[in-house]
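Visitor: run10.cif is the file, holding mmCIF, C-alpha atoms:
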```cif
data_input
loop_
_atom_site.group_PDB
_atom_site.id
_atom_site.type_symbol
_atom_site.label_atom_id
_atom_site.label_comp_id
_atom_site.auth_asym_id
_atom_site.auth_seq_id
_atom_site.Cartn_x
_atom_site.Cartn_y
_atom_site.Cartn_z
ATOM 1 C CA MET L 8 -140.317 -53.884 51.911
ATOM 2 C CA LYS L 9 -141.628 -56.111 49.152
ATOM 3 C CA GLN L 10 -142.968 -59.626 49.630
ATOM 4 C CA ILE L 11 -141.381 -61.980 47.096
ATOM 5 C CA SER L 12 -142.870 -65.318 48.159
ATOM 6 C CA GLU L 13 -144.700 -66.834 51.081
ATOM 7 C CA ASN L 14 -141.640 -66.476 53.320
ATOM 8 C CA VAL L 15 -139.202 -64.151 51.525
ATOM 9 C CA TRP L 16 -139.225 -60.358 51.699
ATOM 10 C CA GLN L 17 -136.925 -57.971 49.868
ATOM 11 C CA VAL L 18 -135.537 -54.679 51.136
ATOM 12 C CA CYS L 19 -133.647 -52.319 48.832
ATOM 13 C CA ALA L 20 -132.446 -48.948 50.052
ATOM 14 C CA GLY L 21 -129.431 -46.818 50.910
ATOM 15 C CA VAL L 22 -126.941 -44.546 49.167
ATOM 16 C CA PHE L 23 -125.753 -47.521 47.081
ATOM 17 C CA PRO L 24 -128.922 -49.644 46.795
ATOM 18 C CA ALA L 25 -128.629 -53.421 46.964
ATOM 19 C CA ASN L 26 -131.152 -56.107 47.819
ATOM 20 C CA SER L 27 -131.346 -57.552 51.298
ATOM 21 C CA TYR L 28 -133.673 -60.458 52.001
ATOM 22 C CA LEU L 29 -135.606 -61.512 55.067
ATOM 23 C CA TRP L 30 -136.377 -65.233 55.068
ATOM 24 C CA THR L 31 -138.829 -66.488 57.677
ATOM 25 C CA GLY L 32 -139.189 -70.034 58.964
ATOM 26 C CA PRO L 33 -138.491 -72.466 61.801
ATOM 27 C CA VAL L 34 -135.343 -70.883 63.235
ATOM 28 C CA PRO L 35 -134.862 -69.188 66.622
ATOM 29 C CA GLY L 36 -136.328 -65.697 66.306
ATOM 30 C CA GLY L 37 -138.113 -66.690 63.128
ATOM 31 C CA ALA L 38 -135.824 -65.205 60.476
ATOM 32 C CA ILE L 39 -132.591 -65.366 58.541
ATOM 33 C CA VAL L 40 -131.271 -62.246 56.815
ATOM 34 C CA VAL L 41 -129.331 -62.622 53.576
ATOM 35 C CA ASP L 42 -127.118 -59.662 52.665
ATOM 36 C CA THR L 43 -127.250 -56.413 54.531
ATOM 37 C CA GLY L 44 -127.159 -53.226 52.487
ATOM 38 C CA LEU L 45 -125.538 -50.022 53.644
ATOM 39 C CA ASP L 46 -128.655 -48.735 55.385
ATOM 40 C CA PRO L 47 -129.784 -50.815 58.402
ATOM 41 C CA GLU L 48 -133.000 -48.879 59.068
ATOM 42 C CA PRO L 49 -135.239 -50.489 56.422
ATOM 43 C CA ILE L 50 -134.000 -53.941 57.430
ATOM 44 C CA LEU L 51 -134.696 -53.233 61.086
ATOM 45 C CA ALA L 52 -138.119 -51.853 60.138
ATOM 46 C CA GLY L 53 -138.869 -54.952 58.071
ATOM 47 C CA LEU L 54 -137.906 -57.274 60.921
ATOM 48 C CA LYS L 55 -140.177 -55.269 63.215
ATOM 49 C CA VAL L 56 -143.126 -55.438 60.825
ATOM 50 C CA LEU L 57 -142.707 -59.209 60.524
ATOM 51 C CA ASP L 58 -142.157 -59.440 64.294
ATOM 52 C CA VAL L 59 -139.042 -61.585 63.889
ATOM 53 C CA ARG L 60 -135.382 -61.519 64.916
ATOM 54 C CA PRO L 61 -132.555 -62.838 62.745
ATOM 55 C CA ALA L 62 -131.114 -66.110 64.005
ATOM 56 C CA ALA L 63 -128.322 -65.680 61.489
ATOM 57 C CA ILE L 64 -127.107 -63.397 58.742
ATOM 58 C CA PHE L 65 -125.559 -64.769 55.558
ATOM 59 C CA CYS L 66 -123.574 -62.526 53.220
ATOM 60 C CA THR L 67 -123.357 -63.760 49.638
ATOM 61 C CA HIS L 68 -120.018 -61.941 49.312
ATOM 62 C CA GLY L 69 -117.866 -59.335 50.983
ATOM 63 C CA HIS L 70 -118.584 -56.179 48.997
ATOM 64 C CA PHE L 71 -119.660 -53.183 51.054
ATOM 65 C CA ASP L 72 -123.199 -53.067 49.664
ATOM 66 C CA HIS L 73 -123.797 -56.628 50.885
ATOM 67 C CA ILE L 74 -122.185 -56.514 54.341
ATOM 68 C CA GLY L 75 -122.774 -52.847 55.206
ATOM 69 C CA SER L 76 -125.334 -53.207 57.998
ATOM 70 C CA ALA L 77 -124.247 -56.591 59.310
ATOM 71 C CA SER L 78 -122.482 -55.214 62.378
ATOM 72 C CA VAL L 79 -125.544 -53.135 63.316
ATOM 73 C CA LEU L 80 -127.781 -56.203 63.115
ATOM 74 C CA GLN L 81 -125.229 -58.333 64.955
ATOM 75 C CA ASN L 82 -125.043 -55.810 67.776
ATOM 76 C CA ALA L 83 -128.827 -55.512 67.941
ATOM 77 C CA PHE L 84 -129.668 -59.213 67.871
ATOM 78 C CA GLY L 85 -126.453 -61.112 68.619
ATOM 79 C CA SER L 86 -126.727 -62.939 65.301
ATOM 80 C CA ASP L 87 -123.884 -64.905 63.761
ATOM 81 C CA VAL L 88 -122.784 -63.359 60.464
ATOM 82 C CA TYR L 89 -121.599 -65.838 57.860
ATOM 83 C CA LEU L 90 -119.238 -65.018 54.987
ATOM 84 C CA HIS L 91 -117.038 -67.319 52.951
ATOM 85 C CA ALA L 92 -113.418 -67.270 54.091
ATOM 86 C CA ALA L 93 -112.270 -66.465 50.548
ATOM 87 C CA ASP L 94 -113.939 -63.056 50.841
ATOM 88 C CA ALA L 95 -112.538 -62.075 54.233
ATOM 89 C CA LYS L 96 -110.033 -59.738 52.561
ATOM 90 C CA THR L 97 -112.715 -58.333 50.272
ATOM 91 C CA ALA L 98 -114.657 -57.321 53.371
ATOM 92 C CA LYS L 99 -111.601 -55.728 54.968
ATOM 93 C CA VAL L 100 -111.205 -53.286 52.069
ATOM 94 C CA ALA L 101 -114.876 -52.259 52.123
ATOM 95 C CA ASN L 102 -114.249 -48.796 53.507
ATOM 96 C CA PHE L 103 -111.412 -48.214 51.036
ATOM 97 C CA LEU L 104 -113.689 -49.082 48.119
ATOM 98 C CA MET L 105 -116.403 -46.777 49.426
ATOM 99 C CA MET L 106 -113.881 -43.962 49.776
ATOM 100 C CA ALA L 107 -112.602 -44.556 46.244
ATOM 101 C CA PHE L 108 -116.147 -44.560 44.859
ATOM 102 C CA LYS L 109 -116.952 -41.417 46.858
ATOM 103 C CA ILE L 110 -119.802 -43.109 48.705
ATOM 104 C CA PRO L 111 -120.604 -41.038 51.787
ATOM 105 C CA ALA L 112 -120.739 -43.903 54.273
ATOM 106 C CA LYS L 113 -118.410 -45.870 56.499
ATOM 107 C CA LEU L 114 -119.076 -49.293 57.909
ATOM 108 C CA LYS L 115 -117.883 -51.390 60.817
ATOM 109 C CA LEU L 116 -117.125 -55.008 60.128
ATOM 110 C CA PRO L 117 -119.057 -57.596 62.122
ATOM 111 C CA ARG L 118 -117.414 -60.603 63.738
ATOM 112 C CA PHE L 119 -117.652 -62.992 60.817
ATOM 113 C CA SER L 120 -118.178 -66.727 61.083
ATOM 114 C CA LEU L 121 -116.203 -67.861 58.056
ATOM 115 C CA LEU L 122 -117.669 -70.504 55.767
ATOM 116 C CA GLN L 123 -115.154 -73.009 54.456
ATOM 117 C CA ASP L 124 -115.075 -75.440 51.547
ATOM 118 C CA GLU L 125 -116.680 -75.177 48.124
ATOM 119 C CA VAL L 126 -119.972 -76.593 49.343
ATOM 120 C CA GLY L 127 -121.295 -76.771 52.854
ATOM 121 C CA GLU L 128 -124.335 -76.693 55.066
ATOM 122 C CA THR L 129 -124.940 -74.662 58.186
ATOM 123 C CA ARG L 130 -127.679 -75.757 60.550
ATOM 124 C CA ILE L 131 -129.778 -72.871 61.874
ATOM 125 C CA GLY L 132 -132.568 -74.177 64.110
ATOM 126 C CA GLU L 133 -134.510 -76.686 62.037
ATOM 127 C CA VAL L 134 -133.196 -75.280 58.778
ATOM 128 C CA SER L 135 -130.215 -76.250 56.692
ATOM 129 C CA VAL L 136 -128.575 -73.351 54.867
ATOM 130 C CA ARG L 137 -126.417 -74.495 51.980
ATOM 131 C CA HIS L 138 -123.586 -72.476 50.500
ATOM 132 C CA ARG L 139 -121.881 -73.076 47.180
ATOM 133 C CA LEU L 140 -118.693 -71.169 46.408
ATOM 134 C CA VAL L 141 -119.000 -69.483 43.002
ATOM 135 C CA PRO L 142 -115.945 -67.211 42.669
ATOM 136 C CA GLY L 143 -115.666 -64.687 39.881
ATOM 137 C CA HIS L 144 -117.564 -61.583 40.914
ATOM 138 C CA SER L 145 -115.373 -61.784 44.004
ATOM 139 C CA PRO L 146 -113.095 -64.572 45.269
ATOM 140 C CA GLY L 147 -115.551 -65.709 47.939
ATOM 141 C CA SER L 148 -118.931 -65.178 46.297
ATOM 142 C CA CYS L 149 -121.460 -67.829 47.220
ATOM 143 C CA LEU L 150 -124.908 -69.022 46.327
ATOM 144 C CA ILE L 151 -126.856 -69.243 49.586
ATOM 145 C CA GLU L 152 -129.673 -71.763 49.314
ATOM 146 C CA ILE L 153 -132.545 -72.313 51.726
ATOM 147 C CA GLY L 154 -135.110 -74.811 50.511
ATOM 148 C CA GLY L 155 -136.250 -73.769 47.048
ATOM 149 C CA THR L 156 -134.789 -70.278 47.281
ATOM 150 C CA CYS L 157 -131.335 -69.338 46.030
ATOM 151 C CA PHE L 158 -129.828 -66.043 47.161
ATOM 152 C CA SER L 159 -127.346 -65.381 44.388
ATOM 153 C CA GLY L 160 -125.688 -62.081 45.318
ATOM 154 C CA ASP L 161 -123.974 -60.536 42.295
ATOM 155 C CA THR L 162 -123.113 -63.862 40.667
ATOM 156 C CA LEU L 163 -126.457 -64.579 39.039
ATOM 157 C CA TYR L 164 -128.839 -61.806 38.044
ATOM 158 C CA SER L 165 -132.270 -62.158 36.497
ATOM 159 C CA GLY L 166 -131.051 -59.760 33.798
ATOM 160 C CA GLY L 167 -127.492 -58.970 32.752
ATOM 161 C CA LEU L 168 -124.159 -59.808 34.314
ATOM 162 C CA GLY L 169 -122.449 -59.190 37.638
ATOM 163 C CA LEU L 170 -119.242 -57.646 36.346
ATOM 164 C CA SER L 171 -117.975 -54.408 37.858
ATOM 165 C CA LYS L 172 -114.185 -54.365 37.236
ATOM 166 C CA ILE L 173 -113.520 -54.122 40.961
ATOM 167 C CA PRO L 174 -110.192 -55.786 41.873
ATOM 168 C CA GLY L 175 -110.811 -59.388 42.859
ATOM 169 C CA GLU L 176 -113.247 -59.873 40.007
ATOM 170 C CA ASP L 177 -112.299 -62.436 37.353
ATOM 171 C CA PRO L 178 -114.654 -62.854 34.369
ATOM 172 C CA ASP L 179 -113.114 -66.187 33.340
ATOM 173 C CA VAL L 180 -113.529 -67.576 36.827
ATOM 174 C CA LEU L 181 -117.122 -66.280 36.949
ATOM 175 C CA ARG L 182 -117.810 -68.039 33.651
ATOM 176 C CA SER L 183 -116.408 -71.296 35.031
ATOM 177 C CA SER L 184 -118.415 -70.961 38.232
ATOM 178 C CA LEU L 185 -121.651 -70.347 36.352
ATOM 179 C CA ARG L 186 -121.035 -73.256 34.002
ATOM 180 C CA LYS L 187 -120.398 -75.499 36.996
ATOM 181 C CA VAL L 188 -123.684 -74.735 38.753
ATOM 182 C CA TRP L 189 -125.907 -73.962 35.734
ATOM 183 C CA ASP L 190 -127.379 -77.435 35.303
ATOM 184 C CA THR L 191 -127.495 -78.190 39.005
ATOM 185 C CA ILE L 192 -130.035 -75.525 39.942
ATOM 186 C CA ASP L 193 -133.629 -76.722 39.861
ATOM 187 C CA PRO L 194 -135.500 -74.736 37.175
ATOM 188 C CA ALA L 195 -138.263 -74.021 39.712
ATOM 189 C CA THR L 196 -135.826 -72.346 42.136
ATOM 190 C CA LEU L 197 -136.652 -68.805 43.178
ATOM 191 C CA VAL L 198 -133.484 -66.790 42.501
ATOM 192 C CA CYS L 199 -133.042 -63.702 44.674
ATOM 193 C CA PRO L 200 -130.138 -61.604 43.348
ATOM 194 C CA GLY L 201 -128.214 -58.812 45.013
ATOM 195 C CA HIS L 202 -129.440 -56.259 42.499
ATOM 196 C CA GLY L 203 -132.496 -56.148 40.273
ATOM 197 C CA ARG L 204 -135.617 -58.257 40.338
ATOM 198 C CA THR L 205 -136.082 -61.813 41.534
ATOM 199 C CA ALA L 206 -136.971 -64.558 39.056
ATOM 200 C CA ILE L 207 -137.587 -68.258 38.681
ATOM 201 C CA PHE L 208 -134.394 -69.895 37.411
ATOM 202 C CA ALA L 209 -136.157 -71.349 34.349
ATOM 203 C CA ASP L 210 -137.014 -67.774 33.304
ATOM 204 C CA ILE L 211 -133.399 -66.654 33.766
ATOM 205 C CA ARG L 212 -132.242 -69.528 31.587
ATOM 206 C CA ALA L 213 -134.773 -68.558 28.949
ATOM 207 C CA HIS L 214 -134.500 -64.785 28.973
ATOM 208 C CA ASN L 215 -131.110 -63.636 30.320
ATOM 209 C CA THR L 216 -129.423 -63.756 26.925
ATOM 210 C CA GLU L 217 -126.469 -61.608 28.051
ATOM 211 C CA LEU L 218 -125.648 -64.146 30.727
ATOM 212 C CA VAL L 219 -126.118 -67.121 28.403
ATOM 213 C CA GLU L 220 -123.868 -65.516 25.768
ATOM 214 C CA PHE L 221 -121.251 -64.720 28.409
ATOM 215 C CA MET L 222 -121.243 -68.364 29.506
ATOM 216 C CA ALA L 223 -120.903 -69.577 25.936
ATOM 217 C CA ALA L 224 -117.920 -67.329 25.197
ATOM 218 C CA ARG L 225 -114.322 -68.515 25.352
ATOM 219 C CA ASN L 226 -112.196 -67.504 28.284
ATOM 220 C CA GLU L 227 -109.959 -64.495 27.600
ATOM 221 C CA GLY L 228 -106.893 -66.550 28.389
ATOM 222 C CA MET L 229 -107.699 -69.109 25.696
ATOM 223 C CA ALA L 230 -106.476 -68.998 22.130
ATOM 224 C CA ALA L 231 -109.094 -68.105 19.528
ATOM 225 C CA MET F 30 -80.732 -47.696 47.528
ATOM 226 C CA ASP F 31 -82.823 -45.930 50.085
ATOM 227 C CA LEU F 32 -86.241 -47.243 51.074
ATOM 228 C CA ARG F 33 -88.176 -44.165 50.047
ATOM 229 C CA HIS F 34 -86.724 -44.257 46.556
ATOM 230 C CA ASP F 35 -87.674 -47.925 46.169
ATOM 231 C CA VAL F 36 -91.235 -47.297 47.310
ATOM 232 C CA LEU F 37 -91.567 -44.327 44.986
ATOM 233 C CA GLN F 38 -90.411 -46.431 42.039
ATOM 234 C CA ILE F 39 -93.043 -49.063 42.841
ATOM 235 C CA ILE F 40 -95.770 -46.409 42.859
ATOM 236 C CA PHE F 41 -94.477 -44.995 39.572
ATOM 237 C CA GLU F 42 -94.557 -48.491 38.055
ATOM 238 C CA ALA F 43 -98.216 -48.801 39.067
ATOM 239 C CA LEU F 44 -98.952 -45.415 37.477
ATOM 240 C CA LYS F 45 -97.086 -46.458 34.317
ATOM 241 C CA SER F 46 -99.348 -49.514 34.084
ATOM 242 C CA LEU F 47 -102.352 -47.237 34.462
ATOM 243 C CA ASN F 48 -101.023 -44.913 31.750
ATOM 244 C CA GLU F 49 -100.857 -47.839 29.341
ATOM 245 C CA GLU F 50 -104.660 -48.042 29.627
ATOM 246 C CA LEU F 51 -105.263 -44.301 29.292
ATOM 247 C CA PRO F 52 -105.453 -42.108 26.183
ATOM 248 C CA GLU F 53 -102.622 -39.669 25.474
ATOM 249 C CA ASP F 54 -104.461 -36.627 26.835
ATOM 250 C CA GLN F 55 -105.252 -38.336 30.163
ATOM 251 C CA GLN F 56 -101.775 -39.584 31.080
ATOM 252 C CA VAL F 57 -100.917 -39.333 34.781
ATOM 253 C CA ALA F 58 -97.677 -37.515 35.600
ATOM 254 C CA LEU F 59 -94.982 -39.540 37.344
ATOM 255 C CA SER F 60 -94.327 -37.001 40.067
ATOM 256 C CA GLU F 61 -94.530 -36.901 43.857
ATOM 257 C CA ASP F 62 -96.963 -34.018 43.472
ATOM 258 C CA THR F 63 -99.442 -36.031 41.411
ATOM 259 C CA LEU F 64 -102.823 -36.070 43.100
ATOM 260 C CA LEU F 65 -104.383 -39.513 43.450
ATOM 261 C CA PHE F 66 -107.595 -38.828 45.306
ATOM 262 C CA GLY F 67 -109.810 -35.829 45.920
ATOM 263 C CA GLY F 68 -111.521 -33.171 43.898
ATOM 264 C CA GLU F 69 -108.494 -32.160 41.819
ATOM 265 C CA SER F 70 -107.324 -35.657 40.973
ATOM 266 C CA THR F 71 -107.865 -36.777 37.386
ATOM 267 C CA ILE F 72 -107.750 -40.469 38.327
ATOM 268 C CA ASP F 73 -111.154 -42.135 38.350
ATOM 269 C CA SER F 74 -112.345 -44.383 41.173
ATOM 270 C CA LEU F 75 -111.700 -47.744 39.546
ATOM 271 C CA SER F 76 -108.230 -46.650 38.422
ATOM 272 C CA LEU F 77 -107.365 -45.474 41.935
ATOM 273 C CA VAL F 78 -108.464 -48.811 43.403
ATOM 274 C CA SER F 79 -106.437 -50.646 40.793
ATOM 275 C CA VAL F 80 -103.295 -48.559 41.419
ATOM 276 C CA ILE F 81 -103.465 -48.958 45.195
ATOM 277 C CA VAL F 82 -104.032 -52.713 44.952
ATOM 278 C CA ASP F 83 -101.092 -52.976 42.517
ATOM 279 C CA VAL F 84 -98.869 -51.009 44.898
ATOM 280 C CA GLU F 85 -99.987 -53.111 47.864
ATOM 281 C CA THR F 86 -99.177 -56.325 46.012
ATOM 282 C CA ALA F 87 -95.816 -55.107 44.699
ATOM 283 C CA ILE F 88 -94.691 -53.776 48.081
ATOM 284 C CA SER F 89 -95.629 -57.023 49.816
ATOM 285 C CA THR F 90 -93.753 -59.032 47.181
ATOM 286 C CA GLN F 91 -90.634 -56.878 47.003
ATOM 287 C CA PHE F 92 -90.229 -56.505 50.759
ATOM 288 C CA ASP F 93 -91.449 -60.025 51.532
ATOM 289 C CA ARG F 94 -93.935 -58.965 54.199
ATOM 290 C CA PRO F 95 -97.649 -58.281 54.173
ATOM 291 C CA VAL F 96 -98.490 -54.593 53.874
ATOM 292 C CA ALA F 97 -102.107 -53.438 54.085
ATOM 293 C CA LEU F 98 -102.822 -50.154 52.329
ATOM 294 C CA THR F 99 -106.557 -50.665 52.064
ATOM 295 C CA ASP F 100 -107.590 -51.556 55.591
ATOM 296 C CA ASP F 101 -109.273 -49.301 58.132
ATOM 297 C CA ARG F 102 -105.983 -48.048 59.550
ATOM 298 C CA ALA F 103 -105.212 -46.286 56.283
ATOM 299 C CA MET F 104 -108.798 -45.070 56.066
ATOM 300 C CA SER F 105 -108.679 -43.438 59.487
ATOM 301 C CA ARG F 106 -105.583 -41.355 58.717
ATOM 302 C CA GLU F 107 -105.814 -37.612 58.249
ATOM 303 C CA PRO F 108 -104.781 -36.370 55.787
ATOM 304 C CA SER F 109 -105.570 -39.398 53.667
ATOM 305 C CA PRO F 110 -102.511 -41.406 52.557
ATOM 306 C CA PHE F 111 -104.176 -41.573 49.143
ATOM 307 C CA THR F 112 -104.139 -37.823 48.561
ATOM 308 C CA SER F 113 -100.968 -37.784 46.439
ATOM 309 C CA VAL F 114 -97.993 -39.858 45.402
ATOM 310 C CA ARG F 115 -96.013 -38.124 48.167
ATOM 311 C CA THR F 116 -98.468 -38.947 50.973
ATOM 312 C CA LEU F 117 -98.797 -42.523 49.747
ATOM 313 C CA THR F 118 -95.013 -42.916 49.646
ATOM 314 C CA ASP F 119 -94.677 -41.545 53.171
ATOM 315 C CA PHE F 120 -97.388 -43.902 54.438
ATOM 316 C CA VAL F 121 -95.813 -46.967 52.868
ATOM 317 C CA VAL F 122 -92.371 -46.052 54.235
ATOM 318 C CA GLU F 123 -93.924 -45.629 57.665
ATOM 319 C CA LEU F 124 -95.502 -49.086 57.464
ATOM 320 C CA LEU F 125 -92.278 -50.678 56.287
ATOM 321 C CA THR F 126 -90.152 -49.122 59.024
ATOM 322 C CA GLU F 127 -92.462 -50.185 61.831
ATOM 323 C CA LYS F 128 -91.195 -52.998 63.998
ATOM 324 C CA ALA F 129 -92.755 -56.297 63.022
#
```
Could you render the structure from this file as structure tokens?

Guide:
Amino acid sequence: MKQISENVWQVCAGVFPANSYLWTGPVPGGAIVVDTGLDPEPILAGLKVLDVRPAAIFCTHGHFDHIGSASVLQNAFGSDVYLHAADAKTAKVANFLMMAFKIPAKLKLPRFSLLQDEVGETRIGEVSVRHRLVPGHSPGSCLIEIGGTCFSGDTLYSGGLGLSKIPGEDPDVLRSSLRKVWDTIDPATLVCPGHGRTAIFADIRAHNTELVEFMAARNEGMAA
Amino acid sequence: MDLRHDVLQIIFEALKSLNEELPEDQQVALSEDTLLFGGESTIDSLSLVSVIVDVETAISTQFDRPVALTDDRAMSREPSPFTSVRTLTDFVVELLTEKA
């Protein structure tokens, strides 16, 4: 487990590694988990080290490497697991995708609390968790924002692009989503992506040239 | 036309679409014996996902009812419905002939 900021820790493990985050603050149990990789053990170990329990679990999107351990954590702690409604089907095909990609794991889906609307806030204890729907990587991908931290899943990386050619992905829609939120994110925001390193948003704007070029390109459906 | 024939044609259409993306020496045979998944299949993971999603969409459209090929019911079947064109056809026919 790696400490990212005063109250954010990152866990990355499993047969298909993805970042999970433990956020600590004034919520019942002391923590919120964002994304749950395929391997629950390092997340459980991290919660134990921090001596916290997750009041809630937010999944940035429904791909298997981001929801994999959610049911284990839900069963252990009784936490609500939040996912945008537009990715409910994405989650349902998780085991099919893992089979197709020959990933030796199988997951059980949690009981999801489905987030609605393009933008919304969920009150967890004294904390407001904001979601912004940013489809493209998947239909229901979201930015999950708590205070000055943005958990960006596979929509916004510190380096490179979140394109994988998995059905449900739409590069043009991703481009539109990124353009829509690009100037609304505070440059000082700590961005915690689903893969790769965390970064301050100002640094992503300055250094993620692949992403900037992708955003500047024309949509495939448009005439040259 | 019988149901099995219609389903088979939908699967072949999905494979034809895949073949349009593949080089000449990697074309997938339009046969019930064609292997879709497993060690001897020549179809890569992303292509398999794409074919199955295409079939799922086409079946649901043509028969005007939702058909789920990618949920956990399909995943729990032995042998896997995704093993070959034949097993996939049989699975789809089974789903379509179930009482609503």

Visitor: Take the PyMOL selection byres ((chain L) within 12 of (chain F)), apply it to the structure above, and return the hits as a PyMOL selection string.

Guide: chain L and resi 95-110+113-116+171-176

Visitor: Which residues, named as in the file, does the PyMOL selection byres ((chain L and resi 33) around 9) pick out? Answer as a PyMOL selection string.

Guide: chain L and resi 31-32+34-38+131-134

Visitor: Using the selection just defined, write its residues with C-alpha atoms as a PDB file, in the coordinates of the input.

Guide:
```pdb
ATOM      1  CA  THR L  31    -138.829 -66.488  57.677  1.00  0.00           C
ATOM      2  CA  GLY L  32    -139.189 -70.034  58.964  1.00  0.00           C
ATOM      3  CA  VAL L  34    -135.343 -70.883  63.235  1.00  0.00           C
ATOM      4  CA  PRO L  35    -134.862 -69.188  66.622  1.00  0.00           C
ATOM      5  CA  GLY L  36    -136.328 -65.697  66.306  1.00  0.00           C
ATOM      6  CA  GLY L  37    -138.113 -66.690  63.128  1.00  0.00           C
ATOM      7  CA  ALA L  38    -135.824 -65.205  60.476  1.00  0.00           C
ATOM      8  CA  ILE L 131    -129.778 -72.871  61.874  1.00  0.00           C
ATOM      9  CA  GLY L 132    -132.568 -74.177  64.110  1.00  0.00           C
ATOM     10  CA  GLU L 133    -134.510 -76.686  62.037  1.00  0.00           C
ATOM     11  CA  VAL L 134    -133.196 -75.280  58.778  1.00  0.00           C
TER      12      VAL L 134
END
```

Visitor: Please compute the CA of Phe120 in chain F-CA of Asp62 in chain F distance, one decimal, in Å.

Guide: 14.8 Å

Visitor: Could you write out as an mmCIF file with C-alpha atoms, keeping the file's coordinate frame the residues that the PyMOL selection byres ((chain F and resi 96) around 9) matches in the shown file?

Guide:
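The result, stored in selection_30.cif:
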```cif
data_model
loop_
_atom_site.group_PDB
_atom_site.id
_atom_site.type_symbol
_atom_site.label_atom_id
_atom_site.label_comp_id
_atom_site.auth_asym_id
_atom_site.auth_seq_id
_atom_site.Cartn_x
_atom_site.Cartn_y
_atom_site.Cartn_z
ATOM 1 C CA GLU F 85 -99.987 -53.111 47.864
ATOM 2 C CA THR F 86 -99.177 -56.325 46.012
ATOM 3 C CA ILE F 88 -94.691 -53.776 48.081
ATOM 4 C CA SER F 89 -95.629 -57.023 49.816
ATOM 5 C CA ARG F 94 -93.935 -58.965 54.199
ATOM 6 C CA PRO F 95 -97.649 -58.281 54.173
ATOM 7 C CA ALA F 97 -102.107 -53.438 54.085
ATOM 8 C CA LEU F 98 -102.822 -50.154 52.329
ATOM 9 C CA VAL F 121 -95.813 -46.967 52.868
ATOM 10 C CA LEU F 124 -95.502 -49.086 57.464
ATOM 11 C CA LEU F 125 -92.278 -50.678 56.287
#
```

Visitor: Quote the spacing between CA of Val88 in chain L and CA of Pro117 in chain L in Å to one decimal place.

Guide: 7.1 Å

Visitor: Between L:Ala209, L:Ala20, L:Ala63, L:Ala93, which has the minimum distance to Gly143 in chain L (counting all atoms listed in the file)?

Guide: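 Of all the options, L:Ala93 lies closest to Gly143 in chain L.
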
Visitor: If I take CA of Gln55 in chain F and CA of Thr116 in chain F, how far is one from the other in Å, to one decimal?

Guide: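 Result for CA of Gln55 in chain F versus CA of Thr116 in chain F: 21.9 Å, one decimal.
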
Visitor: Pick out the closest residue to Ile40 in chain F from this set: F:Ala58, F:Thr90, F:Arg106, F:Val80. Count all atoms listed in the file.

Guide: F:Val80

Visitor: Identify, on the basis of only C-alpha atoms, every residue whose closest approach to Ser60 in chain F does not exceed 9 Å; exclude the query and any residue fewer than 4 positions from it along the same chain; express the result as number ranges by chain.

Guide: F: 41, 114-115

Visitor: Given the choices L:Thr156, L:Pro111, L:Val59, L:Ile64, which gets closest to Glu13 in chain L if the distance is worked out from all atoms listed in the file?

Guide: L:Thr156

Visitor: Need the axis-aligned box for range 161-177 of chain L with 3 Å each side, so what are the centre and edges in Å to one decimal, as JSON?

Guide:
```
{"center_x": -121.2, "center_y": -59.4, "center_z": 37.8, "size_x": 28.1, "size_y": 16.5, "size_z": 16.1}
```

Visitor: Identify the residues around (-123.7, -59.6, 46.8) within a radius of 10 Å, measuring from all atoms listed in the file in the coordinates stated by the file, and give them as an NGL selection string.

Guide: :L and (25-27 or 41-44 or 66-74 or 144-145 or 148-150 or 158-163 or 169 or 200-202)

Visitor: Between F:Phe92, F:Ala87, F:Ile72, F:Glu123, single out the one closest to Asn48 in chain F, counting all atoms listed in the file.

Guide: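 Among the listed residues, the smallest separation from Asn48 in chain F belongs to F:Ile72.
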
Visitor: Restricting the calculation to only C-alpha atoms: of L:Asp87, L:Glu152, L:Asp46, L:Asp177, which residue gets closest to Val198 in chain L?

Guide: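 So, comparing all the options, the nearest one is L:Glu152.
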